[in-house]
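Enquirer: Shown below is the structure under consideration.
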Amino acid sequence: MKDIAVLGIESSCDETAAAVVLNGREVKSNIIYSQIDIHKLYGGVVPEIASRKHIEKINYVIKEALREAEMTLEDIDAIAVTYGPGLVGALLVGVGAAKAISYAADIPLVGVNHIEGHISANYIENESLVPPFMCLVASGGHSHIVKVTDYGKYEIIGRTRDDAAGEAFDKVARALGLGYPGGPKVDALAKEGNPDAIKFPRAVVEGAPYDFSFSGLKSAVLNYLNGCAMKKTEVNRADVAASFQQAVIDVLTEHTIQAAIDNNCKQVALAGGVAANSSLREALQNVCERKGLEFFRPSNIFCTDNAAMIAVAGYHEFMNGVRSGLDLNAVPNLPIGARV
Amino acid sequence: MKILGVDSSGMTASAALVQDGVLAGEYTINHKKTHSQTLLPMISEMMKMVETDIHSVDAIAVAAGPGSFTGLRIGAATVKGLGFAIDKPVVPVPTLEGLAFNMWGSEDFVCPIMDARRNQVYTGLYVLKDAPETVIAQKASDIHDLISEINDYGKPVTFLGDGVPVFKEIILKELSVPCRFAPAHLNLQRAASVALLGEIYYNQGKAISADEFAPFYLRKSQAEREREEMQREGKL
C-alpha cells in the first residue's frame, strides 16, 4: 500500500509548529518554534504577541518540516491543521496558511482538534496502543478524561469544573515566586519537599465521579501561604510544592484509573503538556501496574504542543473520509469529539 | 503579467486579478462574516470565474497594514500560504496608499481614514498623480490632530474610508478647508487598487518573499505598551 504523508500545522498557543508524518506513526520531521522566552516577560502567553510571532515564523517551520522530511508539497497527501481549541488569533494563522496551501497546491485539508492531537501523540511510539482506551489529557488549558472508542472517535468521561490542572500549577508557581511556566518549576521544587507535609484538599464533584475541581485546592494553597505570612512563620516552599502537586496527582490518577476500570479499558494513556510532569507519570504508571492496566505516554517532545501529533490525528480523520473546506474557521472553544 | 490583489485590512474582504493592465476580476464583500470564512473562498471563486490557474500569477499584492490586527493576519497568512505554494513573491502595499489610489485623478488632497477606535484613525495624506504621493505618511493619529494638520495645509481634501461615518460630524465641525466625501463605490478597500498599485511597486523592486512578509500594524500590542510604560516609570 502506498504511504500516506500528512503535513501537520499547529499554531494554537505559543508554539509555531509543522511536521510530516507517514501513515499516522512514522515522524519524518517535527519542527517547533517556541515563543516561550518572549511570553516569560509577561508572566503568561500574550495572545496578540503570539499571533504576530506565528505570522513571522509560519512559512519557515513548514518549509523546514518539508526539507527535513526530504519532501516537497507534491509528496503530501493531506494537510492537517489545528482549528481549535486555542487562542483565536493564533489559530487563524495556521488555519489561514494551511487553507491557502491546500487550495494552491490542490491537497486535501483536514481540520484537527488540538486536544485530539495530544491524545493521538500516543500512537507515534506505542504500536500496541489500540482503541478503545482511556486517556487523561492535562495541559495548561485542559483537564479531561477521554475514552477513545476508535481512531478519531472520542467520548468525554470527565472534565474540570473550573481551573485546568496546568492553570493551577501556573497560579501556585506564581504564588511561590517560581515564575512562568509553572509546571516544570513546581515539579522540580517538589522533588526536594515532603508531599505529606501539608494536607491540601482533594475535591470531589458530587454526582460526577470523574470530574475535577482545582480552584478550591489553589485557594487552599494561597490561604496557607497568606496564613504563614500573617503568623510570620517561615514557609517551606518545597513542602508546599510537593504537597500541592501530590493533591493534583492523587485526583487525576484516581479518577482516570476508576474511569478505565468502570469502562472496561485495559489500556490507559496520558497526554498534554502536564504529561511531561515526572511525578504524575510515575504515579499513574505505578497505579496502572498495581491494577493490571497497561500504561502509555508520549515522549516529552510529543507532550508539548507540536505538529506531529496534529498530523497523526489528521491522518486518522483523513482515512475516515473527513475533509475541510476553504471556509474552515478557527474555533477557540472547540469541544473534544465535535465535528464542526 | 498577472497580479493577485488581496485586502482584508478592515470590514471589507476583497480579491482582484489584474492581467497585463486589465482588471480581469474583482470580488468584494462588505459584510460582518469573518474574513477567515470569506477571503479564500472568494479568491478561489474569482480565479475559477476568470479561468485562471493560481500558478500563473506572477506576484501577490496585499494590503499590508495598518488595519484590524486579525484582519491583516488573515490576509497575511493567506498570501504567505499562496506565495509559498506557487513559489511567487508578495508585494506589501500600505493599506492607506491602496485606499488613496481609489481616488486616482482627484485634484484634492486625498485623506483615507480608518477607524482605529479610542478617537483615533489610521490615516495618511496623499496627492494623486500616477501613484499616490505621500504628503503625510500613514500613521495612527487623533482625529482632532489630523484635522488641524489638514487645516494648516489650507488645500481642499477628499475623505474616504470606514472612518468617514464615524468621524464625519467632527470633520465637518472642525475642518476649515473645503472637503468632500467619496461615494460608496470608492469609499472602501478595493483589491483592484491594491493589485494595480502592487504592480507599480513590483516594477520598482519592492516585492519580497512570502516567507518574510509580515503585516505592519503601526501599533504595538497592549501588553507591550503597558510593559514599556512600567519600564519608563521605573516600576520594572
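Letters A, B, ... go to the chains of the C-alpha cells in the order shown; residues in each chain start at 1; ligands are counted from 1 in the same order.
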Using only C-alpha atoms, which residues of chain A come within 7 Å of chain B, and what is the closest atom pair for each, with the distance in Å to one decimal? Give it as JSON lines, sorted by chain and residue number.
Expert:
{"residue": "A:Glu48", "atom": "CA", "partner": "B:Ser221", "partner_atom": "CA", "distance": 6.1}
{"residue": "A:Ile49", "atom": "CA", "partner": "B:Ser221", "partner_atom": "CA", "distance": 6.6}
{"residue": "A:Ile55", "atom": "CA", "partner": "B:Ala214", "partner_atom": "CA", "distance": 6.3}
{"residue": "A:Glu56", "atom": "CA", "partner": "B:Ala214", "partner_atom": "CA", "distance": 6.0}
{"residue": "A:Asn59", "atom": "CA", "partner": "B:Asp211", "partner_atom": "CA", "distance": 5.2}
{"residue": "A:Tyr60", "atom": "CA", "partner": "B:Asp211", "partner_atom": "CA", "distance": 6.5}
{"residue": "A:Gly89", "atom": "CA", "partner": "B:Thr70", "partner_atom": "CA", "distance": 6.3}
{"residue": "A:Leu92", "atom": "CA", "partner": "B:Ile74", "partner_atom": "CA", "distance": 6.6}
{"residue": "A:Val93", "atom": "CA", "partner": "B:Ala77", "partner_atom": "CA", "distance": 5.4}
{"residue": "A:Gly96", "atom": "CA", "partner": "B:Ala77", "partner_atom": "CA", "distance": 5.0}
{"residue": "A:Ala97", "atom": "CA", "partner": "B:Gly81", "partner_atom": "CA", "distance": 4.4}
{"residue": "A:Ala98", "atom": "CA", "partner": "B:Gly81", "partner_atom": "CA", "distance": 6.7}
{"residue": "A:Ala100", "atom": "CA", "partner": "B:Gly81", "partner_atom": "CA", "distance": 4.9}
{"residue": "A:Ile101", "atom": "CA", "partner": "B:Gly81", "partner_atom": "CA", "distance": 5.0}
{"residue": "A:Ala104", "atom": "CA", "partner": "B:Ala85", "partner_atom": "CA", "distance": 5.9}
{"residue": "A:Ala105", "atom": "CA", "partner": "B:Ala85", "partner_atom": "CA", "distance": 5.9}
{"residue": "A:Leu326", "atom": "CA", "partner": "B:Pro41", "partner_atom": "CA", "distance": 5.7}
{"residue": "A:Asp327", "atom": "CA", "partner": "B:Gln37", "partner_atom": "CA", "distance": 4.2}
{"residue": "A:Leu328", "atom": "CA", "partner": "B:Gln37", "partner_atom": "CA", "distance": 6.3}
{"residue": "A:Asn329", "atom": "CA", "partner": "B:Ser36", "partner_atom": "CA", "distance": 5.7}
Enquirer: How about saving the chosen residues, C-alpha atoms kept, as an mmCIF file, in the first residue's frame?
Expert:
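Now in out24.cif:
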data_model
loop_
_atom_site.group_PDB
_atom_site.id
_atom_site.type_symbol
_atom_site.label_atom_id
_atom_site.label_comp_id
_atom_site.auth_asym_id
_atom_site.auth_seq_id
_atom_site.Cartn_x
_atom_site.Cartn_y
_atom_site.Cartn_z
ATOM 1 C CA GLU A 48 -1.552 39.436 20.275
ATOM 2 C CA ILE A 49 2.201 38.860 20.544
ATOM 3 C CA ILE A 55 2.882 35.078 11.186
ATOM 4 C CA GLU A 56 6.636 35.691 11.180
ATOM 5 C CA ASN A 59 6.341 29.621 6.421
ATOM 6 C CA TYR A 60 9.764 28.845 7.841
ATOM 7 C CA GLY A 89 -5.812 34.980 16.666
ATOM 8 C CA LEU A 92 -6.138 31.807 12.444
ATOM 9 C CA VAL A 93 -2.513 31.964 11.300
ATOM 10 C CA GLY A 96 -5.117 30.632 7.012
ATOM 11 C CA ALA A 97 -1.794 29.330 5.765
ATOM 12 C CA ALA A 98 -2.964 25.709 5.647
ATOM 13 C CA ALA A 100 -4.074 28.698 1.165
ATOM 14 C CA ILE A 101 -1.549 25.901 0.603
ATOM 15 C CA ALA A 104 -2.981 26.424 -4.355
ATOM 16 C CA ALA A 105 -1.305 23.006 -4.242
ATOM 17 C CA LEU A 326 -11.686 26.607 2.242
ATOM 18 C CA ASP A 327 -14.078 28.291 4.671
ATOM 19 C CA LEU A 328 -12.623 26.397 7.653
ATOM 20 C CA ASN A 329 -12.609 28.812 10.583
#
Enquirer: Quick one: residues within 12 Å of stretch 185-193 of chain A, only C-alpha atoms counted, chain neighbours fewer than 3 positions away excluded, as JSON, numbers by chain?
Expert: {"A": [166, 168, 169, 170, 171, 172, 173, 174, 175, 176, 177, 178, 179, 180, 181, 182, 196, 197, 198, 235, 236, 237, 238, 239, 240, 241, 242, 243, 244, 245, 246, 247, 248, 249, 274, 275, 276, 277, 278, 279, 280, 281]}
Enquirer: Nearest to B:Ile3 among B:Lys173, B:Lys88, B:Lys155, B:His31, with distances taken over only C-alpha atoms: which residue is it?
Expert: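 Of all the options, B:Lys88 lies closest to B:Ile3.
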Enquirer: Considering only C-alpha atoms, return as a list in words whatever protein or nucleic-acid residues lie within 8 Å of stretch 290-297 of chain A, sequence-local ones (same chain, fewer than 4 positions apart) excluded.
Expert: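 Close residues of stretch 290-297 of chain A: Asn122, Asn126, Leu129, Lys266, Gln267, Val268, Ala269, Leu270, Ala271, Ala275, Leu284, Gln285 and Asn286 of chain A.
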Enquirer: Using only C-alpha atoms, which residues sit within 12 Å of A:Phe133 once same-chain residues fewer than 5 positions away are excluded, as an NGL selection string?
Expert: :A and (119-120 or 122-123 or 128 or 145-151 or 153-155 or 157 or 256-257 or 259-270 or 293-296)
Enquirer: If DSSP is run on the backbone, what residues of stretch 14-232 of chain B are helix (DSSP H, G or I)? A reply as a PyMOL selection string would be ideal.
Expert: chain B and resi 35-49+54-56+69-86+95-101+143-153+164-174+184-187+191-203+222-232
Enquirer: Could the residues in this selection be written to a file with C-alpha atoms, as a JSON list (two decimals), in the first residue's frame?
Expert:
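Once written, part.json looks like this:
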[["chain", "number", "residue", "atom", "x", "y", "z"],
["B", 35, "HIS", "CA", -12.55, 37.02, 6.64],
["B", 36, "SER", "CA", -11.42, 33.57, 7.67],
["B", 37, "GLN", "CA", -14.58, 32.20, 6.12],
["B", 38, "THR", "CA", -14.81, 34.53, 3.12],
["B", 39, "LEU", "CA", -11.40, 35.52, 1.80],
["B", 40, "LEU", "CA", -10.03, 32.27, 0.41],
["B", 41, "PRO", "CA", -13.39, 31.03, -0.97],
["B", 42, "MET", "CA", -13.66, 34.43, -2.72],
["B", 43, "ILE", "CA", -10.19, 34.11, -4.24],
["B", 44, "SER", "CA", -10.96, 30.57, -5.33],
["B", 45, "GLU", "CA", -14.32, 31.54, -6.85],
["B", 46, "MET", "CA", -12.89, 34.55, -8.66],
["B", 47, "MET", "CA", -9.99, 32.57, -10.13],
["B", 48, "LYS", "CA", -12.45, 29.95, -11.32],
["B", 49, "MET", "CA", -14.67, 32.58, -12.95],
["B", 54, "ILE", "CA", -3.34, 30.42, -9.45],
["B", 55, "HIS", "CA", 0.09, 29.11, -10.50],
["B", 56, "SER", "CA", 0.14, 31.55, -13.45],
["B", 69, "PHE", "CA", -4.84, 43.17, 13.57],
["B", 70, "THR", "CA", -6.81, 40.00, 12.96],
["B", 71, "GLY", "CA", -7.93, 41.06, 9.50],
["B", 72, "LEU", "CA", -4.35, 41.85, 8.49],
["B", 73, "ARG", "CA", -3.17, 38.49, 9.76],
["B", 74, "ILE", "CA", -5.84, 36.53, 7.90],
["B", 75, "GLY", "CA", -4.71, 38.29, 4.73],
["B", 76, "ALA", "CA", -1.07, 37.73, 5.60],
["B", 77, "ALA", "CA", -1.48, 34.02, 6.41],
["B", 78, "THR", "CA", -3.41, 33.59, 3.17],
["B", 79, "VAL", "CA", -0.89, 35.33, 0.88],
["B", 80, "LYS", "CA", 2.04, 33.68, 2.65],
["B", 81, "GLY", "CA", 0.49, 30.24, 2.11],
["B", 82, "LEU", "CA", -0.33, 31.06, -1.51],
["B", 83, "GLY", "CA", 3.09, 32.56, -2.19],
["B", 84, "PHE", "CA", 4.83, 29.53, -0.72],
["B", 85, "ALA", "CA", 2.68, 27.02, -2.63],
["B", 86, "ILE", "CA", 3.09, 28.74, -6.01],
["B", 95, "THR", "CA", -3.27, 49.95, 3.30],
["B", 96, "LEU", "CA", -3.80, 53.71, 3.17],
["B", 97, "GLU", "CA", -1.93, 54.08, -0.12],
["B", 98, "GLY", "CA", -4.16, 51.38, -1.58],
["B", 99, "LEU", "CA", -7.23, 53.24, -0.33],
["B", 100, "ALA", "CA", -5.97, 56.59, -1.63],
["B", 101, "PHE", "CA", -5.40, 55.03, -5.07],
["B", 143, "ILE", "CA", -8.81, 62.75, 14.69],
["B", 144, "HIS", "CA", -8.58, 66.30, 16.07],
["B", 145, "ASP", "CA", -4.82, 66.44, 15.47],
["B", 146, "LEU", "CA", -5.32, 65.20, 11.92],
["B", 147, "ILE", "CA", -7.92, 67.87, 11.19],
["B", 148, "SER", "CA", -5.68, 70.65, 12.47],
["B", 149, "GLU", "CA", -2.79, 69.35, 10.33],
["B", 150, "ILE", "CA", -5.04, 69.40, 7.25],
["B", 151, "ASN", "CA", -6.23, 72.92, 8.13],
["B", 152, "ASP", "CA", -2.60, 74.06, 8.18],
["B", 153, "TYR", "CA", -2.10, 72.89, 4.57],
["B", 164, "VAL", "CA", -15.84, 58.58, 7.50],
["B", 165, "PRO", "CA", -19.21, 57.60, 9.02],
["B", 166, "VAL", "CA", -17.60, 57.55, 12.48],
["B", 167, "PHE", "CA", -15.89, 60.96, 12.30],
["B", 168, "LYS", "CA", -17.87, 62.90, 9.65],
["B", 169, "GLU", "CA", -19.53, 65.13, 12.22],
["B", 170, "ILE", "CA", -16.26, 66.10, 13.88],
["B", 171, "ILE", "CA", -14.65, 66.74, 10.49],
["B", 172, "LEU", "CA", -17.49, 68.99, 9.32],
["B", 173, "LYS", "CA", -17.35, 70.89, 12.59],
["B", 174, "GLU", "CA", -13.60, 71.43, 12.87],
["B", 184, "ALA", "CA", -19.81, 54.25, -1.77],
["B", 185, "HIS", "CA", -18.13, 52.61, -4.81],
["B", 186, "LEU", "CA", -14.82, 54.34, -3.96],
["B", 187, "ASN", "CA", -15.11, 54.60, -0.20],
["B", 191, "ALA", "CA", -8.31, 44.79, -4.08],
["B", 192, "ALA", "CA", -8.12, 46.20, -7.62],
["B", 193, "SER", "CA", -6.41, 49.30, -6.23],
["B", 194, "VAL", "CA", -4.07, 47.09, -4.21],
["B", 195, "ALA", "CA", -3.27, 44.93, -7.24],
["B", 196, "LEU", "CA", -2.60, 47.89, -9.57],
["B", 197, "LEU", "CA", -0.50, 49.71, -7.01],
["B", 198, "GLY", "CA", 1.17, 46.39, -6.27],
["B", 199, "GLU", "CA", 2.17, 46.10, -9.90],
["B", 200, "ILE", "CA", 3.80, 49.54, -9.78],
["B", 201, "TYR", "CA", 5.69, 48.58, -6.60],
["B", 202, "TYR", "CA", 6.62, 45.23, -8.08],
["B", 203, "ASN", "CA", 8.23, 47.02, -11.00],
["B", 222, "GLN", "CA", -1.40, 46.43, 24.59],
["B", 223, "ALA", "CA", 0.81, 44.20, 26.74],
["B", 224, "GLU", "CA", 3.96, 45.66, 25.16],
["B", 225, "ARG", "CA", 2.72, 49.23, 25.58],
["B", 226, "GLU", "CA", 1.90, 48.64, 29.25],
["B", 227, "ARG", "CA", 5.25, 46.99, 29.86],
["B", 228, "GLU", "CA", 7.11, 49.91, 28.26],
["B", 229, "GLU", "CA", 5.05, 52.30, 30.34],
["B", 230, "MET", "CA", 6.08, 50.46, 33.51],
["B", 231, "GLN", "CA", 9.71, 50.46, 32.40],
["B", 232, "ARG", "CA", 9.60, 54.21, 31.81]]
Enquirer: Determine the nearest neighbour of B:Arg118 from the options B:Ala24, B:Met103, B:Glu133, B:Asp142, counting only C-alpha atoms.
Expert: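 Of B:Ala24, B:Met103, B:Glu133, B:Asp142, the one nearest B:Arg118 is B:Asp142, counting only C-alpha atoms.
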Enquirer: Quick one: of A:Arg67, A:Lys218, A:Arg159, A:Arg52, who's nearest to A:Ala18, counting only C-alpha atoms?
Expert: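 Closest candidate: A:Arg67.
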Enquirer: Fewer than 5 positions away in the same chain doesn't count, so skip those; otherwise give me all residues within 6 Å of B:Pro156, counting only C-alpha atoms, as a ChimeraX atom specification.
Expert: /B:108,177-179
Enquirer: Export, as a short mmCIF file (atom, residue, chain, number, x, y, z; two decimals), in the first residue's frame, the selected residues with N, CA and C atoms.
Expert:
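In the end it all went to again_20.cif:
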data_model
loop_
_atom_site.label_atom_id
_atom_site.label_comp_id
_atom_site.auth_asym_id
_atom_site.auth_seq_id
_atom_site.Cartn_x
_atom_site.Cartn_y
_atom_site.Cartn_z
N ASP B 108 -7.92 67.17 -5.40
CA ASP B 108 -7.80 67.47 -3.96
C ASP B 108 -6.65 66.67 -3.34
N VAL B 177 -11.06 73.86 5.69
CA VAL B 177 -10.84 73.86 4.24
C VAL B 177 -12.01 73.14 3.58
N PRO B 178 -12.23 73.39 2.26
CA PRO B 178 -13.33 72.69 1.57
C PRO B 178 -13.08 71.18 1.59
N CYS B 179 -14.15 70.39 1.75
CA CYS B 179 -13.94 68.94 1.75
C CYS B 179 -15.07 68.21 1.07
#
Enquirer: Could you tell me how far atom CA of A:Ala80 lies from atom CA of A:Leu7, in Å and to one decimal?
Expert: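 Distance between the two atoms: 6.1 Å.
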Enquirer: Enumerate the residues of stretch 66-292 of chain A with a DSSP assignment of strand (DSSP E or B), computed from the backbone, and present them as number ranges by chain.
Expert: A: 78-84, 109-113, 133-138, 143-150, 153-160, 212, 267-271
Enquirer: Using N, CA and C atoms, can you write the selected residues to a file as a compact mmCIF listing (two decimals), in the first residue's frame?
Expert:
# COMPACT_ATOMS: atom_id res chain seq x y z
N ALA A 78 -2.15 14.94 2.46
CA ALA A 78 -3.16 15.73 3.18
C ALA A 78 -2.47 16.73 4.08
N ILE A 79 -3.15 17.86 4.30
CA ILE A 79 -2.66 18.86 5.25
C ILE A 79 -3.60 18.84 6.44
N ALA A 80 -3.02 18.64 7.64
CA ALA A 80 -3.82 18.65 8.86
C ALA A 80 -3.47 19.91 9.64
N VAL A 81 -4.48 20.64 10.06
CA VAL A 81 -4.20 21.89 10.79
C VAL A 81 -5.10 21.99 12.02
N THR A 82 -4.52 22.47 13.11
CA THR A 82 -5.29 22.72 14.33
C THR A 82 -6.24 23.87 14.10
N TYR A 83 -7.56 23.64 14.32
CA TYR A 83 -8.50 24.78 14.17
C TYR A 83 -9.19 25.08 15.49
N GLY A 84 -8.79 24.42 16.58
CA GLY A 84 -9.31 24.70 17.90
C GLY A 84 -9.06 23.51 18.80
N LEU A 109 -7.55 19.05 2.75
CA LEU A 109 -7.34 19.72 4.03
C LEU A 109 -8.19 19.04 5.11
N VAL A 110 -7.59 18.85 6.27
CA VAL A 110 -8.32 18.27 7.39
C VAL A 110 -8.11 19.14 8.63
N GLY A 111 -9.19 19.69 9.18
CA GLY A 111 -9.10 20.46 10.43
C GLY A 111 -9.01 19.48 11.60
N VAL A 112 -8.12 19.78 12.54
CA VAL A 112 -7.89 18.87 13.66
C VAL A 112 -8.12 19.59 14.99
N ASN A 113 -8.71 18.86 15.93
CA ASN A 113 -8.87 19.34 17.29
C ASN A 113 -7.54 19.17 18.03
N PHE A 133 -9.36 2.87 24.56
CA PHE A 133 -8.54 3.06 25.76
C PHE A 133 -8.97 4.34 26.47
N MET A 134 -8.50 4.49 27.70
CA MET A 134 -8.85 5.67 28.49
C MET A 134 -7.66 6.61 28.48
N CYS A 135 -7.90 7.90 28.27
CA CYS A 135 -6.78 8.85 28.21
C CYS A 135 -7.02 10.03 29.14
N LEU A 136 -6.02 10.33 29.95
CA LEU A 136 -6.04 11.54 30.75
C LEU A 136 -5.32 12.64 29.98
N VAL A 137 -6.04 13.72 29.68
CA VAL A 137 -5.46 14.86 28.98
C VAL A 137 -5.31 16.00 29.96
N ALA A 138 -4.08 16.41 30.22
CA ALA A 138 -3.87 17.51 31.16
C ALA A 138 -2.86 18.47 30.57
N SER A 143 -8.14 19.82 31.22
CA SER A 143 -8.05 18.62 32.05
C SER A 143 -9.27 17.77 31.73
N HIS A 144 -9.04 16.69 31.03
CA HIS A 144 -10.15 15.83 30.61
C HIS A 144 -9.77 14.37 30.79
N ILE A 145 -10.77 13.55 31.08
CA ILE A 145 -10.61 12.10 30.92
C ILE A 145 -11.45 11.74 29.70
N VAL A 146 -10.79 11.17 28.72
CA VAL A 146 -11.45 10.90 27.44
C VAL A 146 -11.36 9.41 27.12
N LYS A 147 -12.49 8.84 26.74
CA LYS A 147 -12.46 7.47 26.25
C LYS A 147 -12.31 7.53 24.73
N VAL A 148 -11.24 6.93 24.24
CA VAL A 148 -11.03 6.86 22.79
C VAL A 148 -11.68 5.56 22.35
N THR A 149 -12.85 5.67 21.71
CA THR A 149 -13.61 4.47 21.38
C THR A 149 -13.12 3.83 20.09
N ASP A 150 -12.54 4.65 19.21
CA ASP A 150 -11.95 4.15 17.96
C ASP A 150 -11.02 5.24 17.46
N LYS A 153 -12.43 8.76 17.25
CA LYS A 153 -13.74 8.80 17.95
C LYS A 153 -13.48 8.97 19.45
N TYR A 154 -14.13 9.99 20.02
CA TYR A 154 -13.82 10.37 21.40
C TYR A 154 -15.10 10.57 22.20
N GLU A 155 -15.02 10.20 23.45
CA GLU A 155 -16.15 10.38 24.35
C GLU A 155 -15.59 10.97 25.65
N ILE A 156 -16.10 12.12 26.07
CA ILE A 156 -15.59 12.75 27.29
C ILE A 156 -16.22 12.06 28.51
N ILE A 157 -15.37 11.56 29.39
CA ILE A 157 -15.84 10.86 30.59
C ILE A 157 -15.80 11.81 31.80
N GLY A 158 -14.76 12.61 31.87
CA GLY A 158 -14.63 13.54 32.99
C GLY A 158 -13.96 14.83 32.53
N ARG A 159 -14.25 15.91 33.26
CA ARG A 159 -13.65 17.21 32.88
C ARG A 159 -13.50 18.06 34.12
N THR A 160 -12.73 19.15 33.99
CA THR A 160 -12.60 20.05 35.13
C THR A 160 -13.79 21.00 35.16
N PHE A 212 -13.20 16.98 37.77
CA PHE A 212 -12.19 17.59 38.65
C PHE A 212 -12.63 18.99 39.08
N GLN A 267 -6.22 -0.38 28.70
CA GLN A 267 -5.09 0.49 28.40
C GLN A 267 -5.39 1.92 28.86
N VAL A 268 -4.39 2.55 29.44
CA VAL A 268 -4.52 3.93 29.91
C VAL A 268 -3.40 4.76 29.31
N ALA A 269 -3.75 5.93 28.77
CA ALA A 269 -2.73 6.80 28.17
C ALA A 269 -2.78 8.17 28.82
N LEU A 270 -1.66 8.85 28.74
CA LEU A 270 -1.53 10.19 29.29
C LEU A 270 -1.19 11.12 28.13
N ALA A 271 -1.74 12.34 28.14
CA ALA A 271 -1.46 13.27 27.04
C ALA A 271 -1.52 14.71 27.52
